[in-house]
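Chemist: This one is run05.pdb, PDB, C-alpha atoms.
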ATOM      1  CA  MET A  22     -38.610 -27.826  19.677
ATOM      2  CA  LYS A  23     -37.129 -28.919  16.412
ATOM      3  CA  VAL A  24     -35.397 -25.633  15.679
ATOM      4  CA  LEU A  25     -33.648 -25.541  19.049
ATOM      5  CA  LYS A  26     -32.464 -29.096  18.534
ATOM      6  CA  TRP A  27     -31.020 -28.150  15.166
ATOM      7  CA  TRP A  28     -29.142 -25.231  16.674
ATOM      8  CA  SER A  29     -27.693 -27.200  19.543
ATOM      9  CA  ARG A  30     -27.089 -30.679  18.097
ATOM     10  CA  GLU A  31     -23.586 -32.056  17.562
ATOM     11  CA  LEU A  32     -21.816 -30.818  14.445
ATOM     12  CA  ALA A  33     -20.035 -32.826  11.784
ATOM     13  CA  CYS A  34     -16.560 -31.552  10.820
ATOM     14  CA  ARG A  35     -17.829 -30.181   7.516
ATOM     15  CA  GLU A  36     -20.500 -28.156   9.337
ATOM     16  CA  ALA A  37     -18.059 -26.915  11.972
ATOM     17  CA  VAL A  38     -15.605 -25.743   9.307
ATOM     18  CA  ALA A  39     -18.389 -23.773   7.620
ATOM     19  CA  LEU A  40     -18.983 -21.867  10.886
ATOM     20  CA  PHE A  41     -15.396 -20.950  11.782
ATOM     21  CA  SER A  42     -15.287 -17.579  10.062
ATOM     22  CA  ASP A  43     -18.483 -16.534  11.885
ATOM     23  CA  TYR A  44     -17.068 -18.052  15.092
ATOM     24  CA  ILE A  45     -13.929 -15.905  14.768
ATOM     25  CA  GLU A  46     -16.183 -12.908  14.087
ATOM     26  CA  GLY A  47     -18.059 -13.593  17.319
ATOM     27  CA  ALA A  48     -21.210 -13.668  15.194
ATOM     28  CA  LEU A  49     -22.675 -17.056  16.153
ATOM     29  CA  PRO A  50     -25.769 -17.332  18.346
ATOM     30  CA  PRO A  51     -24.935 -18.815  21.797
ATOM     31  CA  ARG A  52     -26.140 -22.374  21.104
ATOM     32  CA  ARG A  53     -24.347 -22.519  17.790
ATOM     33  CA  LYS A  54     -21.189 -21.162  19.416
ATOM     34  CA  ALA A  55     -21.437 -23.770  22.161
ATOM     35  CA  ALA A  56     -21.867 -26.522  19.551
ATOM     36  CA  VAL A  57     -18.712 -25.322  17.760
ATOM     37  CA  GLU A  58     -16.781 -25.268  21.036
ATOM     38  CA  ARG A  59     -17.936 -28.787  21.960
ATOM     39  CA  HIS A  60     -16.846 -29.990  18.533
ATOM     40  CA  LEU A  61     -13.453 -28.306  18.902
ATOM     41  CA  GLN A  62     -12.864 -29.991  22.259
ATOM     42  CA  ALA A  63     -13.289 -33.373  20.618
ATOM     43  CA  CYS A  64     -11.738 -32.781  17.185
ATOM     44  CA  ALA A  65      -8.049 -31.921  16.796
ATOM     45  CA  ASP A  66      -8.351 -31.754  12.982
ATOM     46  CA  CYS A  67     -10.951 -29.009  13.177
ATOM     47  CA  GLY A  68      -8.864 -27.251  15.839
ATOM     48  CA  ARG A  69      -6.000 -27.214  13.376
ATOM     49  CA  TYR A  70      -8.247 -25.887  10.610
ATOM     50  CA  LEU A  71      -9.462 -23.081  12.902
ATOM     51  CA  ASP A  72      -5.865 -22.156  13.804
ATOM     52  CA  GLN A  73      -5.082 -22.031  10.087
ATOM     53  CA  MET A  74      -8.047 -19.768   9.451
ATOM     54  CA  ARG A  75      -6.748 -17.426  12.177
ATOM     55  CA  ALA A  76      -3.227 -17.556  10.728
ATOM     56  CA  THR A  77      -4.680 -16.669   7.318
ATOM     57  CA  ILE A  78      -6.393 -13.595   8.779
ATOM     58  CA  ARG A  79      -3.182 -12.557  10.595
ATOM     59  CA  VAL A  80      -1.105 -12.840   7.436
ATOM     60  CA  LEU A  81      -3.666 -10.843   5.436
ATOM     61  CA  GLY A  82      -3.473  -8.132   8.093
ATOM     62  CA  HIS A  83       0.264  -7.780   7.558
ATOM     63  CA  LEU A  84       0.145  -7.777   3.796
ATOM     64  CA  GLU A  85       2.200  -5.009   2.265
ATOM     65  CA  PRO A  86       1.296  -3.760  -1.186
ATOM     66  CA  ASP A  87       3.622  -4.904  -3.915
ATOM     67  CA  ASP A  88       4.564  -1.725  -5.692
ATOM     68  CA  VAL A  89       2.400   1.189  -4.799
ATOM     69  CA  PRO A  90       3.847   4.220  -6.579
ATOM     70  CA  ALA A  91       5.044   7.362  -4.886
ATOM     71  CA  PRO A  92       2.027   9.543  -4.303
ATOM     72  CA  ALA A  93       1.371  12.281  -6.792
ATOM     73  CA  MET A  94       1.900  14.534  -3.818
ATOM     74  CA  ASP A  95       3.024  17.700  -5.589
ATOM     75  CA  GLU A  96      -0.040  17.828  -7.770
ATOM     76  CA  LEU A  97      -2.361  17.221  -4.819
ATOM     77  CA  LEU A  98      -0.630  19.829  -2.670
ATOM     78  CA  GLU A  99      -1.055  22.316  -5.505
ATOM     79  CA  VAL A 100      -4.800  21.589  -5.636
ATOM     80  CA  PHE A 101      -4.954  21.923  -1.834
ATOM     81  CA  ARG A 102      -3.144  25.270  -1.902
ATOM     82  CA  ARG A 103      -5.259  26.635  -4.735
ATOM     83  CA  PHE A 104      -8.477  25.554  -3.063
ATOM     84  CA  HIS A 105      -7.583  27.301   0.182
ATOM     85  CA  ALA A 106      -6.312  30.406  -1.597
ATOM     86  CA  GLU A 107      -9.666  30.656  -3.418
ATOM     87  CA  GLU A 108     -11.557  30.030  -0.167
ATOM     88  CA  GLU A 109      -9.666  32.823   1.574
ATOM     89  CA  GLY A 110     -10.075  35.075  -1.447
ATOM     90  CA  GLY A 111     -13.785  34.294  -1.468
ATOM     91  CA  SER A 112     -14.360  34.889   2.224
ATOM     92  CA  GLY A 113     -11.946  37.804   2.591
TER      93      GLY A 113
ATOM     94  CA  MET B  18      -3.381  -4.781  31.223
ATOM     95  CA  LEU B  19      -4.814  -7.759  29.369
ATOM     96  CA  PRO B  20      -2.971 -11.081  29.421
ATOM     97  CA  SER B  21      -1.078 -11.649  26.167
ATOM     98  CA  ALA B  22      -3.237 -14.623  25.180
ATOM     99  CA  VAL B  23      -6.294 -12.375  25.332
ATOM    100  CA  THR B  24      -4.685  -9.568  23.360
ATOM    101  CA  ALA B  25      -3.491 -12.108  20.766
ATOM    102  CA  THR B  26      -7.033 -13.403  20.430
ATOM    103  CA  LEU B  27      -8.393  -9.879  20.122
ATOM    104  CA  ARG B  28      -5.842  -9.165  17.428
ATOM    105  CA  ALA B  29      -6.932 -12.271  15.553
ATOM    106  CA  LEU B  30     -10.568 -11.279  15.927
ATOM    107  CA  GLN B  31     -10.077  -7.742  14.788
ATOM    108  CA  PRO B  32      -6.996  -7.151  12.685
ATOM    109  CA  VAL B  33      -5.062  -4.106  13.786
ATOM    110  CA  CYS B  34      -5.771  -1.064  11.711
ATOM    111  CA  ARG B  35      -2.547   0.277  10.394
ATOM    112  CA  VAL B  36      -3.689   3.686   9.377
ATOM    113  CA  ARG B  37      -1.262   5.970  11.138
ATOM    114  CA  SER B  38      -3.605   8.917  11.444
ATOM    115  CA  GLN B  39      -5.334   7.024  14.249
ATOM    116  CA  THR B  40      -2.702   8.590  16.513
ATOM    117  CA  VAL B  41      -4.099  12.037  15.693
ATOM    118  CA  SER B  42      -7.773  12.417  16.448
ATOM    119  CA  ASP B  43     -10.126  12.818  13.491
ATOM    120  CA  SER B  44     -11.432  16.137  14.723
ATOM    121  CA  GLU B  45      -7.922  17.547  15.135
ATOM    122  CA  LEU B  46      -6.935  16.436  11.642
ATOM    123  CA  VAL B  47     -10.156  17.789  10.145
ATOM    124  CA  GLU B  48      -9.580  21.163  11.794
ATOM    125  CA  ARG B  49      -6.061  21.340  10.405
ATOM    126  CA  LEU B  50      -7.248  20.397   6.920
ATOM    127  CA  ARG B  51      -9.974  23.020   7.013
ATOM    128  CA  ALA B  52      -7.422  25.590   8.111
ATOM    129  CA  GLY B  53      -5.345  24.802   5.005
ATOM    130  CA  ASP B  54      -2.494  23.067   6.878
ATOM    131  CA  GLU B  55      -0.389  21.510   4.108
ATOM    132  CA  HIS B  56       1.530  19.235   6.466
ATOM    133  CA  ALA B  57      -1.726  17.733   7.666
ATOM    134  CA  PHE B  58      -2.828  17.157   4.089
ATOM    135  CA  ALA B  59       0.517  15.608   3.097
ATOM    136  CA  GLU B  60       0.260  13.324   6.116
ATOM    137  CA  LEU B  61      -3.275  12.345   5.147
ATOM    138  CA  VAL B  62      -2.172  11.523   1.588
ATOM    139  CA  SER B  63       0.762   9.375   2.664
ATOM    140  CA  THR B  64      -1.389   7.585   5.243
ATOM    141  CA  TYR B  65      -4.244   6.742   2.929
ATOM    142  CA  GLN B  66      -2.546   6.455  -0.463
ATOM    143  CA  GLN B  67      -1.687   2.769  -0.252
ATOM    144  CA  PRO B  68      -4.910   1.481   1.316
ATOM    145  CA  LEU B  69      -6.932   3.528  -1.172
ATOM    146  CA  VAL B  70      -5.043   2.209  -4.208
ATOM    147  CA  ARG B  71      -5.522  -1.296  -2.896
ATOM    148  CA  LEU B  72      -9.230  -0.733  -2.336
ATOM    149  CA  ALA B  73      -9.655   0.977  -5.716
ATOM    150  CA  LEU B  74      -8.036  -2.015  -7.415
ATOM    151  CA  THR B  75     -10.840  -4.219  -6.105
ATOM    152  CA  PHE B  76     -13.275  -2.155  -8.205
ATOM    153  CA  VAL B  77     -11.480  -1.011 -11.359
ATOM    154  CA  PRO B  78      -9.637  -2.929 -14.066
ATOM    155  CA  SER B  79      -6.119  -1.476 -13.860
ATOM    156  CA  ARG B  80      -3.597   0.176 -11.596
ATOM    157  CA  ALA B  81      -3.579   3.299 -13.766
ATOM    158  CA  VAL B  82      -7.335   3.696 -13.325
ATOM    159  CA  ALA B  83      -7.041   2.932  -9.599
ATOM    160  CA  GLU B  84      -4.438   5.683  -9.173
ATOM    161  CA  GLU B  85      -6.673   8.095 -11.025
ATOM    162  CA  VAL B  86      -9.597   7.215  -8.746
ATOM    163  CA  VAL B  87      -7.398   7.745  -5.672
ATOM    164  CA  GLN B  88      -6.250  11.113  -6.987
ATOM    165  CA  GLU B  89      -9.891  12.119  -7.534
ATOM    166  CA  THR B  90     -10.699  10.882  -4.042
ATOM    167  CA  PHE B  91      -8.110  13.194  -2.477
ATOM    168  CA  ILE B  92      -9.453  16.088  -4.521
ATOM    169  CA  GLY B  93     -12.905  15.116  -3.234
ATOM    170  CA  VAL B  94     -11.500  15.275   0.306
ATOM    171  CA  ILE B  95     -10.067  18.762  -0.288
ATOM    172  CA  ARG B  96     -13.396  20.044  -1.620
ATOM    173  CA  GLY B  97     -15.607  18.165   0.828
ATOM    174  CA  ILE B  98     -13.781  18.401   4.154
ATOM    175  CA  GLY B  99     -15.702  21.578   5.023
ATOM    176  CA  ARG B 100     -18.900  19.530   4.947
ATOM    177  CA  PHE B 101     -17.554  16.531   6.929
ATOM    178  CA  GLU B 102     -19.855  16.195   9.938
ATOM    179  CA  GLY B 103     -18.062  13.480  11.852
ATOM    180  CA  ARG B 104     -21.024  11.107  11.793
ATOM    181  CA  SER B 105     -18.680   8.366  10.587
ATOM    182  CA  SER B 106     -14.930   8.171  11.125
ATOM    183  CA  LEU B 107     -12.790  10.221   8.764
ATOM    184  CA  LYS B 108     -11.437   6.979   7.340
ATOM    185  CA  THR B 109     -14.900   5.615   6.486
ATOM    186  CA  TRP B 110     -15.843   8.976   4.991
ATOM    187  CA  ILE B 111     -12.750   8.963   2.735
ATOM    188  CA  TYR B 112     -13.305   5.321   1.779
ATOM    189  CA  ARG B 113     -16.885   6.126   0.832
ATOM    190  CA  ILE B 114     -15.719   8.894  -1.506
ATOM    191  CA  LEU B 115     -13.396   6.341  -3.106
ATOM    192  CA  VAL B 116     -16.061   3.657  -3.433
ATOM    193  CA  ASN B 117     -18.460   6.136  -5.064
ATOM    194  CA  ARG B 118     -15.783   7.326  -7.498
ATOM    195  CA  ALA B 119     -14.646   3.797  -8.279
ATOM    196  CA  ARG B 120     -18.181   2.648  -9.026
ATOM    197  CA  THR B 121     -18.845   5.480 -11.464
ATOM    198  CA  THR B 122     -15.428   5.144 -13.087
ATOM    199  CA  GLY B 123     -16.004   1.723 -14.554
ATOM    200  CA  ALA B 124     -16.637  -1.539 -12.828
ATOM    201  CA  ARG B 125     -14.420  -4.473 -13.687
ATOM    202  CA  GLU B 126     -17.376  -6.828 -13.377
ATOM    203  CA  PRO B 127     -21.001  -6.694 -12.274
ATOM    204  CA  ARG B 128     -21.649  -6.583  -8.538
ATOM    205  CA  HIS B 129     -23.147  -9.887  -7.511
ATOM    206  CA  VAL B 130     -22.832 -12.546  -4.879
ATOM    207  CA  SER B 131     -21.065 -15.445  -6.549
ATOM    208  CA  LEU B 132     -23.012 -18.638  -6.184
ATOM    209  CA  GLY B 133     -20.725 -20.633  -8.444
ATOM    210  CA  GLU B 134     -18.470 -23.501  -7.478
ATOM    211  CA  ASP B 135     -15.905 -22.113  -5.064
ATOM    212  CA  ARG B 136     -12.342 -23.353  -4.986
ATOM    213  CA  ASP B 137     -12.264 -23.698  -1.248
ATOM    214  CA  GLY B 138      -9.783 -26.550  -0.987
ATOM    215  CA  LEU B 139     -12.386 -28.702   0.779
ATOM    216  CA  ALA B 140     -13.900 -30.697  -2.086
ATOM    217  CA  GLY B 141     -13.563 -34.433  -1.517
ATOM    218  CA  ARG B 142     -12.054 -34.028   1.933
ATOM    219  CA  PHE B 143     -15.040 -35.221   3.980
ATOM    220  CA  SER B 144     -16.842 -38.538   4.194
ATOM    221  CA  ALA B 145     -20.564 -38.784   3.452
ATOM    222  CA  ASP B 146     -21.345 -38.110   7.125
ATOM    223  CA  GLY B 147     -19.199 -34.970   7.103
ATOM    224  CA  ALA B 148     -16.097 -36.196   8.981
ATOM    225  CA  TRP B 149     -12.610 -35.378   7.684
ATOM    226  CA  THR B 150     -11.155 -38.047   5.389
ATOM    227  CA  ASP B 151      -8.261 -35.782   4.359
ATOM    228  CA  PRO B 152      -7.737 -33.500   7.372
ATOM    229  CA  PRO B 153      -5.494 -30.436   7.215
ATOM    230  CA  SER B 154      -1.788 -31.096   7.867
ATOM    231  CA  ALA B 155      -0.129 -29.137  10.634
ATOM    232  CA  TRP B 156       1.397 -25.826   9.529
ATOM    233  CA  PRO B 157       4.918 -25.024  10.694
ATOM    234  CA  ASP B 158       5.414 -22.843  13.785
ATOM    235  CA  ASP B 159       6.929 -20.044  11.720
ATOM    236  CA  VAL B 160       3.948 -20.014   9.365
ATOM    237  CA  ASP B 161       3.380 -16.247   9.702
ATOM    238  CA  ASP B 162       6.938 -15.482   8.571
ATOM    239  CA  ARG B 163       6.797 -17.968   5.722
ATOM    240  CA  LEU B 164       3.496 -16.719   4.411
ATOM    241  CA  SER B 165       4.565 -13.087   4.759
ATOM    242  CA  ALA B 166       7.674 -13.606   2.607
ATOM    243  CA  PRO B 167       7.626 -11.170  -0.347
ATOM    244  CA  GLN B 168       7.299 -13.854  -3.030
ATOM    245  CA  VAL B 169       4.313 -15.413  -1.212
ATOM    246  CA  ALA B 170       2.787 -11.984  -0.535
ATOM    247  CA  ARG B 171       2.790 -11.287  -4.274
ATOM    248  CA  ARG B 172       0.863 -14.497  -4.884
ATOM    249  CA  VAL B 173      -1.577 -13.631  -2.090
ATOM    250  CA  ILE B 174      -2.282 -10.293  -3.780
ATOM    251  CA  VAL B 175      -2.954 -12.165  -7.039
ATOM    252  CA  ALA B 176      -5.170 -14.680  -5.189
ATOM    253  CA  ILE B 177      -7.223 -11.855  -3.642
ATOM    254  CA  ASP B 178      -7.442 -10.292  -7.069
ATOM    255  CA  ASP B 179      -8.870 -13.532  -8.487
ATOM    256  CA  LEU B 180     -11.760 -13.593  -5.995
ATOM    257  CA  PRO B 181     -15.230 -12.581  -7.193
ATOM    258  CA  GLY B 182     -15.855  -8.828  -6.807
ATOM    259  CA  LEU B 183     -17.617  -8.541  -3.465
ATOM    260  CA  GLN B 184     -15.530 -11.288  -1.818
ATOM    261  CA  ARG B 185     -12.442  -9.367  -2.933
ATOM    262  CA  GLN B 186     -13.782  -6.089  -1.569
ATOM    263  CA  VAL B 187     -14.971  -7.527   1.727
ATOM    264  CA  VAL B 188     -11.771  -9.428   2.526
ATOM    265  CA  THR B 189      -9.612  -6.458   1.495
ATOM    266  CA  LEU B 190     -11.522  -4.071   3.722
ATOM    267  CA  ARG B 191     -11.960  -6.437   6.671
ATOM    268  CA  ASP B 192      -8.794  -8.510   6.874
ATOM    269  CA  VAL B 193      -6.228  -6.468   4.931
ATOM    270  CA  GLU B 194      -7.313  -2.956   5.953
ATOM    271  CA  GLY B 195      -8.878  -3.857   9.281
ATOM    272  CA  LEU B 196     -12.247  -2.109   8.974
ATOM    273  CA  SER B 197     -15.112  -3.271  11.184
ATOM    274  CA  SER B 198     -17.955  -5.306   9.719
ATOM    275  CA  ALA B 199     -20.343  -2.380  10.306
ATOM    276  CA  GLU B 200     -18.073  -0.042   8.338
ATOM    277  CA  VAL B 201     -17.767  -2.552   5.482
ATOM    278  CA  CYS B 202     -21.538  -3.131   5.307
ATOM    279  CA  GLU B 203     -22.098   0.606   5.154
ATOM    280  CA  LEU B 204     -19.435   1.181   2.498
ATOM    281  CA  LEU B 205     -20.458  -1.657   0.213
ATOM    282  CA  GLU B 206     -24.188  -1.383   0.984
ATOM    283  CA  ILE B 207     -24.547  -5.048   1.882
ATOM    284  CA  SER B 208     -26.251  -6.727   4.840
ATOM    285  CA  GLU B 209     -24.340  -8.029   7.860
ATOM    286  CA  GLY B 210     -25.274 -11.617   6.948
ATOM    287  CA  ASN B 211     -24.186 -11.195   3.364
ATOM    288  CA  GLN B 212     -20.899  -9.675   4.508
ATOM    289  CA  ARG B 213     -20.221 -12.696   6.724
ATOM    290  CA  VAL B 214     -20.926 -15.167   3.906
ATOM    291  CA  LEU B 215     -18.614 -13.291   1.537
ATOM    292  CA  LEU B 216     -15.898 -13.067   4.187
ATOM    293  CA  HIS B 217     -16.216 -16.767   4.999
ATOM    294  CA  ARG B 218     -15.852 -17.727   1.330
ATOM    295  CA  ALA B 219     -12.875 -15.454   0.756
ATOM    296  CA  ARG B 220     -11.070 -16.585   3.928
ATOM    297  CA  THR B 221     -11.739 -20.241   3.109
ATOM    298  CA  LYS B 222     -10.223 -19.872  -0.351
ATOM    299  CA  LEU B 223      -7.221 -17.917   0.910
ATOM    300  CA  ARG B 224      -6.572 -20.524   3.634
ATOM    301  CA  ALA B 225      -6.642 -23.165   0.895
ATOM    302  CA  MET B 226      -4.184 -21.101  -1.130
ATOM    303  CA  PHE B 227      -1.841 -20.891   1.885
ATOM    304  CA  GLU B 228      -2.212 -24.632   2.367
ATOM    305  CA  ASP B 229      -1.089 -25.160  -1.247
ATOM    306  CA  GLU B 230       1.855 -22.754  -0.760
ATOM    307  CA  LEU B 231       3.052 -24.655   2.291
ATOM    308  CA  ALA B 232       2.602 -28.031   0.559
ATOM    309  CA  VAL B 233       4.753 -26.852  -2.369
ATOM    310  CA  GLU B 234       7.377 -25.614   0.104
ATOM    311  CA  ARG B 235       7.427 -29.009   1.830
ATOM    312  CA  ARG B 236       7.904 -30.846  -1.440
ATOM    313  CA  SER B 237      10.737 -28.643  -2.678
TER     314      SER B 237
END
The structure given in the file should be rewritten as structure tokens.

Modeler:
Amino acid sequence: MKVLKWWSRELACREAVALFSDYIEGALPPRRKAAVERHLQACADCGRYLDQMRATIRVLGHLEPDDVPAPAMDELLEVFRRFHAEEEGGSG
Amino acid sequence: MLPSAVTATLRALQPVCRVRSQTVSDSELVERLRAGDEHAFAELVSTYQQPLVRLALTFVPSRAVAEEVVQETFIGVIRGIGRFEGRSSLKTWIYRILVNRARTTGAREPRHVSLGEDRDGLAGRFSADGAWTDPPSAWPDDVDDRLSAPQVARRVIVAIDDLPGLQRQVVTLRDVEGLSSAEVCELLEISEGNQRVLLHRARTKLRAMFEDELAVERRS
């Protein structure tokens, strides 16, 4: 079957690289995943690229916002208080 | 207890969600909010303020507008918490209020999947048969520390900001805020496949940006 062959054939580096985000997501079908893993066993350059993709995701996950202002807490607490006072007034 | 290699892999696969309220269960927090517990509300605001501003900024043109949208979101939470049914997590519910507000407040650009030429750092780096001709150089062992340095982090924020709309929203929600792909698809009303394409493009460009950062560092 042609389709099966396409899914399981050997990948070129450019094709492997295009699958790494999905590979990290665990979103590749089994044959495609196996093809990526075979490629990675044979290709140190792509292994490095995959590690860099993972490092990118890690760094993004630790990103702290630059200058998020102090929350307008007082104003929000006032709204919260008023809302609950009205609720109690309404139900009581 | 999982071996550390496995937990490291899991972390890489699913970035840790840093929202502190995860330590208190949703239902407990919701009960306290409904009961008018100000401490619970203050805690909710300080937990979600930063992620919400960051998310709002992926939709609206300025920080001032983003802050306004976040403020309206919290007011929406106050008014709507009585109707929260727990069908999604509290976090997804709050994010959805924000996304709805942000969309009606004024989009910074039309929602579309960018099909244009992407600056992915890969152009001209493969031979005709798809093998590397200019493979990636090794990154230093302390790459996480280097790339997390404040001056780099500021440039990362700008780089995310430069991404096309949906790529920016998907990568912010998935990799910066740590939401699941199902949550992101639901929030942004996009398909799973579309979400993966957008995430792939955004991650590829941000990896290329990190590659450039590290190359500049090596030269200087």

Chemist: List the residues selected by the PyMOL selection byres ((chain A) within 6 of (chain B)) in the file shown, writing them as an MDAnalysis selection string.

Modeler: chainID A and resid 33:35 42 45 66 77:78 81:82 105

Chemist: Just to confirm, what's the straight-line distance from atom CA of Ala83 of chain B to atom CA of Ser44 of chain B in Å (one decimal)?

Modeler: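 Pair atom CA of Ala83 of chain B / atom CA of Ser44 of chain B returns 28.0 Å.
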
Chemist: Out of A:Glu85, A:Glu46, A:Ala106, A:Phe41, which residue has the shortest atom-to-atom distance to Gln73 of chain A when counting only C-alpha atoms?

Modeler: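 That would be A:Phe41, the residue with the smallest distance to Gln73 of chain A.
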
Chemist: Can you tell me how far atom CA of Arg102 of chain A sits from atom CA of Ser106 of chain B, in Å to one decimal?

Modeler: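 Pair atom CA of Arg102 of chain A / atom CA of Ser106 of chain B returns 24.5 Å.
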
Chemist: Can you tell me how far atom CA of Gly47 of chain A sits from atom CA of Thr150 of chain B, in Å to one decimal?

Modeler: 28.1 Å

Chemist: Extract, using all atoms listed in the file, all DNA, RNA and protein residues at most 10 Å from Leu32 of chain A, discarding same-chain residues fewer than 2 positions from it, and format them as a list of chain:residue names.

Modeler: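 My reading of the contact set: A:Trp27, A:Trp28, A:Ser29, A:Arg30, A:Cys34, A:Arg35, A:Glu36, A:Ala37, A:Val38, A:Arg53, A:Ala56, A:Val57, A:Glu58, A:Arg59, A:His60, A:Leu61, B:Gly147, B:Ala148.
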